[in-house]
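Shown below: run_36.csv, with CSV, C-alpha atoms and all ligand atoms.
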```csv
chain,number,residue,atom,x,y,z
A,1,MET,CA,37.7,-15.6,5.5
A,2,SER,CA,35.2,-16.8,2.8
A,3,HIS,CA,31.8,-15.2,2.6
A,4,ASP,CA,30.0,-18.5,3.4
A,5,ARG,CA,32.1,-19.0,6.5
A,6,SER,CA,31.4,-15.4,7.7
A,7,SER,CA,27.7,-15.8,7.2
A,8,GLN,CA,27.8,-19.1,9.2
A,9,ILE,CA,29.4,-17.3,12.1
A,10,ARG,CA,27.0,-14.4,11.9
A,11,ARG,CA,24.0,-16.7,12.0
A,12,LYS,CA,25.2,-18.4,15.1
A,13,HIS,CA,24.4,-15.1,17.0
A,14,ILE,CA,20.9,-14.8,15.6
A,15,PRO,CA,18.4,-15.7,18.4
A,16,GLU,CA,15.9,-18.5,17.9
A,17,PRO,CA,12.9,-17.0,16.1
A,18,GLN,CA,9.4,-17.0,17.6
A,19,PRO,CA,6.4,-17.1,15.3
A,20,LEU,CA,5.5,-13.6,14.0
A,21,ILE,CA,3.8,-14.4,10.7
A,22,PRO,CA,0.1,-15.3,11.1
A,23,GLU,CA,-0.7,-18.8,12.3
A,24,PRO,CA,-2.4,-21.0,9.7
A,25,GLY,CA,-6.1,-20.0,9.5
A,26,SER,CA,-5.6,-16.5,10.7
A,27,LYS,CA,-5.8,-13.5,8.3
A,28,ILE,CA,-3.0,-12.7,5.9
A,29,THR,CA,-1.8,-9.1,6.3
A,30,LEU,CA,0.0,-6.9,3.9
A,31,CYS,CA,2.8,-6.5,6.6
A,32,PHE,CA,3.3,-10.3,6.9
A,33,PRO,CA,2.0,-12.0,3.8
A,34,ASP,CA,3.9,-15.3,4.0
A,35,SER,CA,7.1,-17.0,5.3
A,36,ASN,CA,9.3,-15.7,2.5
A,37,LYS,CA,9.0,-11.9,2.9
A,38,SER,CA,7.7,-9.2,5.2
A,39,CYS,CA,7.3,-5.4,5.0
A,40,PHE,CA,9.4,-3.1,7.2
A,41,ALA,CA,8.8,0.1,5.2
A,42,CYS,CA,7.4,2.0,8.2
A,43,CYS,CA,10.3,1.3,10.6
A,44,PRO,CA,11.2,3.8,11.9
A,45,PRO,CA,7.9,5.7,11.6
A,46,ILE,CA,9.7,9.0,11.3
A,47,ARG,CA,11.8,9.2,8.2
A,48,PRO,CA,12.3,11.5,5.1
A,49,ALA,CA,9.7,11.5,2.4
A,50,HIS,CA,10.4,9.1,-0.4
A,51,TYR,CA,13.1,7.3,1.7
A,52,GLU,CA,13.2,3.6,0.8
A,53,HIS,CA,15.3,0.9,2.6
A,54,ILE,CA,16.1,-0.7,-0.8
A,55,GLN,CA,18.3,2.3,-1.8
A,56,TYR,CA,20.7,1.3,1.0
A,57,LYS,CA,20.2,-2.5,0.9
A,58,ASN,CA,23.8,-3.6,1.7
A,59,ILE,CA,24.3,-1.1,4.6
A,60,ILE,CA,20.9,-2.0,6.1
A,61,LYS,CA,21.6,-5.8,5.8
A,62,ARG,CA,24.7,-5.2,7.9
A,63,VAL,CA,22.8,-3.1,10.4
A,64,LEU,CA,20.0,-5.8,10.7
A,65,ARG,CA,22.6,-8.5,11.4
A,66,GLU,CA,24.1,-6.3,14.1
A,67,ASN,CA,20.8,-5.4,15.6
A,68,THR,CA,19.7,-9.1,15.7
A,69,SER,CA,22.9,-10.3,17.3
A,70,ALA,CA,23.0,-7.5,19.9
A,71,PHE,CA,19.3,-7.9,20.8
A,72,THR,CA,18.8,-9.1,24.4
A,73,ARG,CA,15.6,-10.8,25.1
A,74,GLY,CA,14.0,-9.8,28.4
A,75,GLY,CA,15.4,-6.2,28.4
A,76,GLN,CA,12.9,-3.6,29.7
A,77,GLY,CA,14.7,-0.3,29.6
A,78,VAL,CA,13.9,2.5,27.1
A,79,ARG,CA,16.6,3.3,24.6
A,80,PRO,CA,15.4,6.0,22.2
A,81,ILE,CA,16.1,5.7,18.5
A,82,THR,CA,18.8,7.9,17.2
A,83,GLY,CA,19.2,8.8,13.5
A,84,MET,CA,17.4,6.9,10.8
A,85,SER,CA,17.7,3.4,12.0
A,86,CYS,CA,15.8,1.6,14.8
A,87,TRP,CA,17.9,-0.8,17.0
A,88,ALA,CA,14.9,-3.1,17.4
A,89,LEU,CA,14.6,-3.8,13.6
A,90,GLY,CA,16.1,-7.2,12.9
A,91,TYR,CA,15.9,-10.6,11.2
A,92,LEU,CA,13.0,-12.8,12.4
A,93,ASP,CA,14.0,-16.1,11.0
A,94,LYS,CA,17.2,-18.2,10.7
A,95,GLU,CA,17.3,-17.8,6.9
A,96,CYS,CA,17.2,-14.0,7.2
A,97,LYS,CA,14.3,-13.7,4.8
A,98,LEU,CA,11.8,-12.0,7.2
A,99,ILE,CA,12.6,-8.5,8.6
A,100,GLY,CA,10.6,-6.9,11.4
A,101,CYS,CA,10.3,-5.7,14.9
A,102,LEU,CA,12.2,-7.7,17.6
A,103,LEU,CA,10.0,-6.0,20.3
A,104,HIS,CA,6.7,-7.0,18.6
A,105,PRO,CA,4.3,-9.0,20.9
A,106,GLY,CA,4.5,-11.9,18.5
A,107,ARG,CA,8.2,-12.3,19.4
A,108,ASN,CA,7.8,-11.7,23.1
A,109,ARG,CA,5.1,-14.1,24.3
A,110,GLY,CA,2.3,-11.5,23.7
A,111,LYS,CA,4.1,-8.7,25.5
A,112,ASP,CA,4.4,-5.5,23.5
A,113,LEU,CA,7.8,-4.0,24.2
A,114,ARG,CA,7.8,-1.4,21.4
A,115,TYR,CA,7.5,1.4,23.9
A,116,ARG,CA,11.3,0.7,24.5
A,117,VAL,CA,12.4,2.8,21.5
A,118,GLY,CA,10.8,6.0,22.9
A,119,PHE,CA,8.1,6.6,20.2
A,120,GLY,CA,5.3,6.1,22.7
A,121,GLU,CA,2.4,4.4,21.1
A,122,LYS,CA,3.4,5.4,17.6
A,123,CYS,CA,4.9,2.0,16.7
A,124,SER,CA,1.9,-0.1,17.7
A,125,ARG,CA,-0.6,2.4,16.3
A,126,GLU,CA,1.0,3.0,12.9
A,127,ILE,CA,-0.6,1.4,9.9
A,128,CYS,CA,-0.2,2.6,6.3
A,129,PRO,CA,-3.3,3.4,4.1
A,130,GLU,CA,-2.4,0.4,1.8
A,131,ALA,CA,-2.4,-2.0,4.7
A,132,ARG,CA,-5.8,-0.6,5.8
A,133,GLU,CA,-7.2,-1.2,2.3
A,134,PHE,CA,-5.8,-4.7,2.2
A,135,LEU,CA,-7.6,-5.5,5.5
A,136,LYS,CA,-10.9,-4.7,3.8
A,137,LEU,CA,-10.4,-7.6,1.4
A,138,GLU,CA,-11.7,-11.1,2.1
A,139,LYS,CA,-9.2,-14.0,2.2
A,140,GLU,CA,-9.4,-15.1,-1.5
A,141,PRO,CA,-8.9,-11.6,-3.0
A,142,ARG,CA,-6.0,-11.2,-0.6
A,143,ARG,CA,-4.4,-14.3,-2.0
A,144,PHE,CA,-5.2,-13.3,-5.5
A,145,TRP,CA,-3.5,-9.9,-5.2
A,146,LEU,CA,-0.5,-11.2,-3.3
A,147,GLN,CA,0.4,-13.2,-6.5
A,148,LEU,CA,1.8,-9.9,-7.8
A,149,THR,CA,4.5,-10.0,-5.2
A,150,ASP,CA,5.6,-13.6,-5.8
A,151,GLY,CA,9.4,-13.8,-5.9
A,152,LEU,CA,10.1,-10.5,-4.2
A,153,ASP,CA,12.4,-10.4,-1.2
A,154,SER,CA,11.6,-8.3,1.9
A,155,PHE,CA,13.5,-5.3,0.6
A,156,SER,CA,11.7,-5.3,-2.8
A,157,TYR,CA,8.4,-6.1,-1.1
A,158,SER,CA,8.8,-3.1,1.2
A,159,SER,CA,9.5,-0.7,-1.7
A,160,ARG,CA,6.6,1.3,-3.0
A,161,LYS,CA,8.5,1.7,-6.2
A,162,VAL,CA,9.2,-2.0,-6.8
A,163,ASN,CA,6.2,-3.7,-5.2
A,164,PRO,CA,3.2,-3.3,-7.6
A,165,LEU,CA,0.7,-4.2,-4.9
A,166,PHE,CA,1.2,-0.9,-3.1
A,167,LYS,CA,0.2,1.0,-6.2
A,168,MET,CA,-2.8,-1.3,-6.9
A,169,LEU,CA,-4.1,-0.8,-3.4
A,170,GLY,CA,-4.4,2.9,-4.2
A,171,TRP,CA,-7.4,2.0,-6.5
A,172,GLY,CA,-9.3,0.8,-3.4
A,173,ALA,CA,-10.4,-2.5,-2.0
A,174,GLU,CA,-13.8,-2.4,-3.8
A,175,LEU,CA,-12.2,-2.4,-7.2
A,176,LEU,CA,-9.6,-5.0,-6.3
A,177,ALA,CA,-12.3,-7.3,-4.9
A,178,GLU,CA,-14.3,-6.9,-8.1
A,179,ILE,CA,-11.3,-7.7,-10.4
A,180,ALA,CA,-10.4,-10.8,-8.2
A,181,ARG,CA,-14.0,-11.9,-8.4
A,182,ALA,CA,-14.1,-11.4,-12.2
A,183,GLU,CA,-10.9,-13.5,-12.6
A,184,GLY,CA,-12.6,-16.3,-10.6
A,185,GLY,CA,-9.5,-17.2,-8.6
A,186,VAL,CA,-7.4,-17.8,-11.7
A,187,SER,CA,-3.7,-17.3,-11.0
A,188,LEU,CA,-2.1,-14.2,-12.6
A,189,SER,CA,1.6,-13.5,-12.4
A,190,ARG,CA,2.9,-9.9,-12.5
A,191,ASP,CA,3.6,-10.1,-16.2
A,192,SER,CA,0.3,-11.7,-17.2
A,193,PHE,CA,-1.5,-9.1,-15.1
A,194,SER,CA,0.1,-6.2,-16.9
A,195,LEU,CA,-0.7,-7.8,-20.2
A,196,SER,CA,-4.3,-8.6,-19.2
A,197,TYR,CA,-5.0,-5.2,-17.6
A,198,PRO,CA,-3.1,-2.6,-19.7
A,199,PHE,CA,-5.1,0.2,-18.0
A,200,PHE,CA,-3.0,0.0,-14.9
A,201,SER,CA,0.1,1.2,-16.6
A,202,THR,CA,-1.4,4.7,-16.5
A,203,PRO,CA,0.7,7.3,-14.7
A,204,LEU,CA,-2.4,8.8,-13.1
A,205,ASN,CA,-2.5,8.7,-9.3
A,206,PRO,CA,-4.7,5.8,-8.3
A,207,LYS,CA,-6.1,7.3,-5.1
A,208,ALA,CA,-7.0,10.5,-7.0
A,209,HIS,CA,-8.9,8.7,-9.8
A,210,ALA,CA,-10.4,5.7,-7.9
A,211,TYR,CA,-13.8,7.3,-7.7
A,212,ILE,CA,-14.2,7.7,-11.5
A,213,ILE,CA,-12.8,4.2,-12.3
A,214,GLU,CA,-15.0,2.6,-9.6
A,215,SER,CA,-18.1,4.4,-11.1
A,216,MET,CA,-17.3,3.2,-14.6
A,217,VAL,CA,-16.6,-0.4,-13.5
A,218,LYS,CA,-19.9,-0.4,-11.6
A,219,ARG,CA,-21.7,0.5,-14.8
A,220,LYS,CA,-19.7,-1.6,-17.4
A,221,GLY,CA,-17.8,-4.2,-15.4
A,222,THR,CA,-14.0,-4.8,-15.2
A,223,GLY,CA,-13.8,-5.7,-19.0
A,224,LEU,CA,-13.1,-2.1,-19.9
A,225,LEU,CA,-9.9,-2.2,-17.9
A,226,ARG,CA,-8.8,-5.0,-20.1
A,227,TRP,CA,-9.4,-3.2,-23.4
A,228,GLN,CA,-6.2,-1.8,-25.0
A,229,GLY,CA,-7.8,1.5,-26.0
A,230,PHE,CA,-9.3,2.4,-22.7
A,231,ARG,CA,-6.3,3.8,-20.9
A,232,GLN,CA,-5.7,6.5,-23.5
A,233,ARG,CA,-9.4,7.5,-23.8
A,234,PHE,CA,-9.7,7.6,-20.0
A,235,GLU,CA,-6.6,9.9,-19.7
A,236,VAL,CA,-8.1,12.3,-22.3
A,237,PHE,CA,-11.5,12.2,-20.5
A,238,SER,CA,-9.9,12.9,-17.2
A,239,ARG,CA,-8.2,16.1,-18.5
A,240,TYR,CA,-11.5,17.2,-20.1
A,241,LEU,CA,-13.4,16.6,-16.8
A,242,LEU,CA,-11.0,18.6,-14.8
A,243,VAL,CA,-11.4,21.6,-17.1
A,244,SER,CA,-15.2,21.3,-16.8
A,245,LEU,CA,-15.0,21.3,-13.0
A,246,GLU,CA,-12.6,24.3,-13.0
A,247,LYS,CA,-15.2,26.3,-15.0
A,248,ASN,CA,-17.9,25.5,-12.4
A,249,PHE,CA,-15.9,26.1,-9.2
A,250,SER,CA,-15.1,29.3,-7.3
A,251,TYR,CA,-12.7,29.1,-4.4
A,252,CYS,CA,-13.9,30.3,-1.0
A,253,PRO,CA,-11.2,30.5,1.7
A,254,ASP,CA,-13.8,30.2,4.5
A,255,ALA,CA,-15.3,26.9,3.2
A,256,PRO,CA,-14.7,23.7,5.1
A,257,HIS,CA,-11.7,21.5,4.3
A,258,THR,CA,-12.7,19.1,1.6
A,259,HIS,CA,-11.7,16.0,3.5
A,260,ARG,CA,-13.9,16.9,6.4
A,261,LEU,CA,-17.2,16.8,4.5
A,262,ASP,CA,-19.5,13.9,5.2
A,263,LEU,CA,-19.6,12.7,1.5
A,264,ASP,CA,-18.3,9.7,-0.4
A,265,ARG,CA,-14.6,9.4,0.7
A,266,ARG,CA,-13.4,8.4,-2.8
A,267,PHE,CA,-15.2,11.4,-4.4
A,268,LEU,CA,-13.6,13.7,-1.8
A,269,ASP,CA,-10.2,12.2,-2.7
A,270,TYR,CA,-10.9,13.0,-6.4
A,271,LEU,CA,-11.8,16.6,-5.5
A,272,ARG,CA,-8.6,17.1,-3.4
A,273,LEU,CA,-6.0,15.1,-5.3
A,274,ALA,CA,-7.2,15.3,-8.9
A,275,ALA,CA,-9.0,18.6,-9.0
A,276,GLY,CA,-6.9,20.3,-6.3
A,277,ILE,CA,-10.0,21.5,-4.4
A,278,THR,CA,-8.9,21.7,-0.8
A,279,ARG,CA,-11.8,23.8,0.5
A,280,ILE,CA,-15.5,23.5,-0.5
A,281,ASP,CA,-18.9,23.6,1.0
A,282,VAL,CA,-21.4,20.7,0.8
A,283,ALA,CA,-23.7,22.3,-1.8
A,284,ALA,CA,-20.8,23.1,-4.1
A,285,ALA,CA,-19.3,19.6,-3.7
A,286,LEU,CA,-22.7,18.0,-4.5
A,287,LYS,CA,-22.8,20.2,-7.7
A,288,MET,CA,-19.3,18.9,-8.7
A,289,LYS,CA,-20.5,15.4,-8.0
A,290,GLU,CA,-23.5,15.9,-10.3
A,291,ILE,CA,-21.2,17.1,-13.1
A,292,VAL,CA,-18.8,14.2,-12.6
A,293,ASP,CA,-21.5,11.5,-12.5
A,294,ARG,CA,-23.2,13.0,-15.6
A,295,GLU,CA,-19.9,13.2,-17.6
A,296,VAL,CA,-19.0,9.6,-16.6
A,297,VAL,CA,-22.3,8.3,-18.1
A,298,LYS,CA,-21.8,10.5,-21.2
A,299,PHE,CA,-18.3,9.2,-21.7
A,300,LEU,CA,-19.4,5.6,-21.4
A,301,GLU,CA,-22.2,6.2,-23.9
A,302,THR,CA,-20.4,8.3,-26.4
A,303,GLY,CA,-16.7,8.8,-25.6
A,304,GLY,CA,-15.9,5.1,-26.1
A,305,PHE,CA,-16.4,5.3,-29.8
A,306,ASN,CA,-15.7,1.8,-31.2
A,307,ALA,CA,-15.2,0.6,-27.7
A,308,PRO,CA,-16.3,-2.9,-26.9
A,309,TRP,CA,-18.6,-2.0,-24.0
B,1,LIG,S1,4.4,0.2,5.5
B,1,LIG,FE1,2.3,-0.7,5.7
B,1,LIG,S2,2.5,-2.8,5.0
B,1,LIG,FE2,4.5,-2.1,5.4
B,1,LIG,S3,4.9,-2.7,7.6
B,1,LIG,FE3,4.1,-0.6,7.6
B,1,LIG,S4,1.9,-0.8,7.9
B,1,LIG,FE4,2.7,-2.8,7.2
B,2,LIG,S1,10.3,-0.5,17.7
B,2,LIG,FE1,9.7,-2.0,16.2
B,2,LIG,S2,8.0,-1.1,15.2
B,2,LIG,FE2,9.0,0.6,16.2
B,2,LIG,S3,10.4,1.4,14.7
B,2,LIG,FE3,11.5,-0.1,15.9
B,2,LIG,S4,11.4,-2.0,14.7
B,2,LIG,FE4,9.8,-0.6,14.0
```
Mind converting the file's structure to structure tokens?
Amino acid sequence: MSHDRSSQIRRKHIPEPQPLIPEPGSKITLCFPDSNKSCFACCPPIRPAHYEHIQYKNIIKRVLRENTSAFTRGGQGVRPITGMSCWALGYLDKECKLIGCLLHPGRNRGKDLRYRVGFGEKCSREICPEAREFLKLEKEPRRFWLQLTDGLDSFSYSSRKVNPLFKMLGWGAELLAEIARAEGGVSLSRDSFSLSYPFFSTPLNPKAHAYIIESMVKRKGTGLLRWQGFRQRFEVFSRYLLVSLEKNFSYCPDAPHTHRLDLDRRFLDYLRLAAGITRIDVAAALKMKEIVDREVVKFLETGGFNAPW
């Protein structure tokens, strides 16, 4: 049997899709950006760290076809997920481009049937940090940033290693909105973005360094992220700053957890993820912040020798 013939037969069993992607005029989400691709990275919600569907693309494509064919609309019973794959994950369109939840309310006339896989409310509650950041953006910046994902299929789009937008969202919605605004709606492909903004090829963890970059951009604008020499200078500065903080910090096991302090969230991420400070009291954290803010200003005034800012 030829491959074409077998896929025709398989498609006969795929139920008629119901709309799941946002209606025209409604907000674009990171989960369902358009009619060519969707994200299914968090299905099922419990899986090994660093697991990515794209590593098992062919096997999963077969499972998705089987799930979609076997799915019975109108079922109510609970059938818990066993192993690493959810029986309710399937194809949502005839062309098999969109992958998502067959129990989602968008597929079932508004009725949420996701309880049927036995995860309680976990499926309907779950939203990743990147999707949350994306929701903070207005419509135009969302469109601007989604250009980085043009041409990706659902497997590549769902992969944090392949889809560059996941990494970019780690820098935070505020910075992304600022860059989109500075670009004035001009269209930027993945390649032209990498060429225009060489800073973002840095191996530094975006979430850990978002506070520092945001402070610099607030003072000097997004132009510094375009400058070729900035990335290297920033990485050297970042190492120097961590050494300065270490000299001024004493660990106290009874201090509150860093993430619980009522201070700027991005600064707390910097303390935790870049400086490795997991416990600190407010007074000490404020002292660290003073050092960081002062060093940022100094770097922009003197560290950027020959820099065009
Ligand atoms: S991993 Fe994030 S973007 Fe992807 S489906 Fe889950 S919540 Fe949406
Ligand atoms: S029930 Fe739906 S949302 Fe939950 S893991 Fe399965 S496919 Fe994903």
- Name the residues, by chain letter and number, that sit within 6 Å of ligand LIG 1 (chain B) using all atoms listed in the file, and give them as a ChimeraX atom specification. /A:30-31,39-42,127-128,131
- Note on the structure: With distances taken over only C-alpha atoms, the candidate from A:Ala255, A:Leu268, A:Val236, A:Met216 nearest Glu301 of chain A is A:Met216
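Closest approach to ligand LIG 2 (chain B) among A:Arg114, A:Arg233, A:Arg239, A:Arg109 is made by A:Arg114 (distances from all atoms listed in the file).
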- Query: If we count all atoms listed in the file, what is near segment 132-134 of chain A at a cut-off of 12 Å, once residues fewer than 5 positions away on the same chain are taken out, given as a ChimeraX atom specification?
  - Reply: /A:27-33,126-127,139-146,165-177,207
- Using all atoms listed in the file, find each residue with an atom at most 7 Å away from ligand LIG 2 (chain B) and format the answer as a ChimeraX atom specification. /A:42-45,86-89,100-104,114,116-117,123-124
- Compile the contact shell of Leu273 of chain A as a ChimeraX atom specification: residues with an atom at most 12 Å away, counting all atoms listed in the file, same-chain residues fewer than 6 positions apart removed. /A:204-211,242,258-259,265-267,279
- Give the answer as one residue: which of A:Arg107, A:Arg160, A:Lys247, A:Arg219 has the shortest atom-to-atom distance to Ile54 of chain A, using all atoms listed in the file?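 Checking each of A:Arg107, A:Arg160, A:Lys247, A:Arg219 against Ile54 of chain A, counting all atoms listed in the file, the winner is A:Arg160.
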- Message: From the options A:Pro198, A:Pro164, A:Gly151, A:Gly75, which residue's atoms come nearest to Gln228 of chain A, counting only C-alpha atoms?
- Response: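 Closest candidate: A:Pro198.
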- Between atom CA of Ser194 of chain A and atom CA of Asp150 of chain A, what is the spacing in Å?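 So the two atoms, atom CA of Asp150 of chain A and atom CA of Ser194 of chain A, lie 14.4 Å apart.
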- What does the distance between atom CA of Lys61 of chain A and atom CA of Gly90 of chain A come to in Å, to one decimal place?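 Taking atom CA of Lys61 of chain A as the start and atom CA of Gly90 of chain A as the end point, the length is 9.1 Å.
Coordinates place atom CA of Leu224 of chain A at a distance of 14.3 Å from atom CA of Thr302 of chain A.
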- Query: Given the choices A:Cys96, A:Met288, A:Ala283, A:Val78, which gets closest to Ser244 of chain A if the distance is worked out from only C-alpha atoms?
  - Reply: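 Going through A:Cys96, A:Met288, A:Ala283, A:Val78 one by one, the smallest distance to Ser244 of chain A is for A:Met288.
Among the candidates A:Asn67, A:Asn36, A:Thr278, A:Ser192, the one nearest to Pro256 of chain A when counting all atoms listed in the file is A:Thr278.
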- Task: Take the point (10.9, 6.3, -2.2) in the file's coordinates, draw a sphere of radius 10 Å around it, and report as a PyMOL selection string every protein, DNA or RNA residue with an atom inside or on it, counting all atoms listed in the file.
- Result: chain A and resi 41+48-55+159-162
Could you rebuild segment 136-165 of chain A with N, CA and C atoms and give it back as a tab-separated table (two decimals), in the coordinates of the input?
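Generated output (rebuild_15.tsv):
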```
chain	number	residue	atom	x	y	z
A	136	LYS	N	-9.47	-4.72	4.20
A	136	LYS	CA	-10.90	-4.70	3.80
A	136	LYS	C	-11.22	-5.89	2.88
A	137	LEU	N	-10.18	-6.50	2.30
A	137	LEU	CA	-10.40	-7.60	1.40
A	137	LEU	C	-10.66	-8.92	2.12
A	138	GLU	N	-11.48	-9.78	1.51
A	138	GLU	CA	-11.70	-11.10	2.10
A	138	GLU	C	-10.42	-11.96	1.78
A	139	LYS	N	-10.42	-13.18	2.32
A	139	LYS	CA	-9.20	-14.00	2.20
A	139	LYS	C	-8.82	-14.33	0.76
A	140	GLU	N	-9.80	-14.71	-0.10
A	140	GLU	CA	-9.40	-15.10	-1.50
A	140	GLU	C	-8.87	-13.94	-2.28
A	141	PRO	N	-9.53	-12.75	-2.27
A	141	PRO	CA	-8.90	-11.60	-3.00
A	141	PRO	C	-7.52	-11.27	-2.44
A	142	ARG	N	-7.31	-11.43	-1.14
A	142	ARG	CA	-6.00	-11.20	-0.60
A	142	ARG	C	-4.94	-12.06	-1.26
A	143	ARG	N	-5.29	-13.35	-1.35
A	143	ARG	CA	-4.40	-14.30	-2.00
A	143	ARG	C	-4.16	-13.96	-3.44
A	144	PHE	N	-5.27	-13.62	-4.12
A	144	PHE	CA	-5.20	-13.30	-5.50
A	144	PHE	C	-4.18	-12.15	-5.77
A	145	TRP	N	-4.31	-11.08	-5.00
A	145	TRP	CA	-3.50	-9.90	-5.20
A	145	TRP	C	-2.03	-10.12	-4.78
A	146	LEU	N	-1.84	-10.98	-3.80
A	146	LEU	CA	-0.50	-11.20	-3.30
A	146	LEU	C	0.37	-11.95	-4.41
A	147	GLN	N	-0.31	-12.53	-5.40
A	147	GLN	CA	0.40	-13.20	-6.50
A	147	GLN	C	1.34	-12.17	-7.22
A	148	LEU	N	0.94	-10.89	-7.20
A	148	LEU	CA	1.80	-9.90	-7.80
A	148	LEU	C	3.11	-9.70	-7.16
A	149	THR	N	3.21	-10.22	-5.94
A	149	THR	CA	4.50	-10.00	-5.20
A	149	THR	C	5.29	-11.31	-5.13
A	150	ASP	N	4.88	-12.34	-5.85
A	150	ASP	CA	5.60	-13.60	-5.80
A	150	ASP	C	7.08	-13.36	-6.25
A	151	GLY	N	8.00	-13.93	-5.52
A	151	GLY	CA	9.40	-13.80	-5.90
A	151	GLY	C	10.12	-12.60	-5.34
A	152	LEU	N	9.39	-11.66	-4.74
A	152	LEU	CA	10.10	-10.50	-4.20
A	152	LEU	C	10.66	-10.81	-2.82
A	153	ASP	N	11.83	-10.25	-2.52
A	153	ASP	CA	12.40	-10.40	-1.20
A	153	ASP	C	11.83	-9.28	-0.29
A	154	SER	N	12.20	-9.30	0.99
A	154	SER	CA	11.60	-8.30	1.90
A	154	SER	C	11.97	-6.86	1.53
A	155	PHE	N	13.16	-6.65	0.96
A	155	PHE	CA	13.50	-5.30	0.60
A	155	PHE	C	12.66	-4.80	-0.60
A	156	SER	N	12.50	-5.67	-1.63
A	156	SER	CA	11.70	-5.30	-2.80
A	156	SER	C	10.22	-5.18	-2.39
A	157	TYR	N	9.77	-6.11	-1.56
A	157	TYR	CA	8.40	-6.10	-1.10
A	157	TYR	C	8.06	-4.82	-0.35
A	158	SER	N	9.04	-4.30	0.41
A	158	SER	CA	8.80	-3.10	1.20
A	158	SER	C	8.92	-1.81	0.42
A	159	SER	N	9.26	-1.93	-0.86
A	159	SER	CA	9.50	-0.70	-1.70
A	159	SER	C	8.21	-0.36	-2.45
A	160	ARG	N	7.75	0.87	-2.27
A	160	ARG	CA	6.60	1.30	-3.00
A	160	ARG	C	6.89	1.44	-4.51
A	161	LYS	N	8.18	1.61	-4.83
A	161	LYS	CA	8.50	1.70	-6.20
A	161	LYS	C	8.60	0.36	-6.91
A	162	VAL	N	8.97	-0.69	-6.16
A	162	VAL	CA	9.20	-2.00	-6.80
A	162	VAL	C	7.94	-2.90	-6.61
A	163	ASN	N	7.30	-2.86	-5.47
A	163	ASN	CA	6.20	-3.70	-5.20
A	163	ASN	C	4.88	-3.19	-5.83
A	164	PRO	N	4.36	-3.84	-6.89
A	164	PRO	CA	3.20	-3.30	-7.60
A	164	PRO	C	1.92	-3.29	-6.77
A	165	LEU	N	1.89	-4.11	-5.73
A	165	LEU	CA	0.70	-4.20	-4.90
A	165	LEU	C	0.37	-2.90	-4.18
```
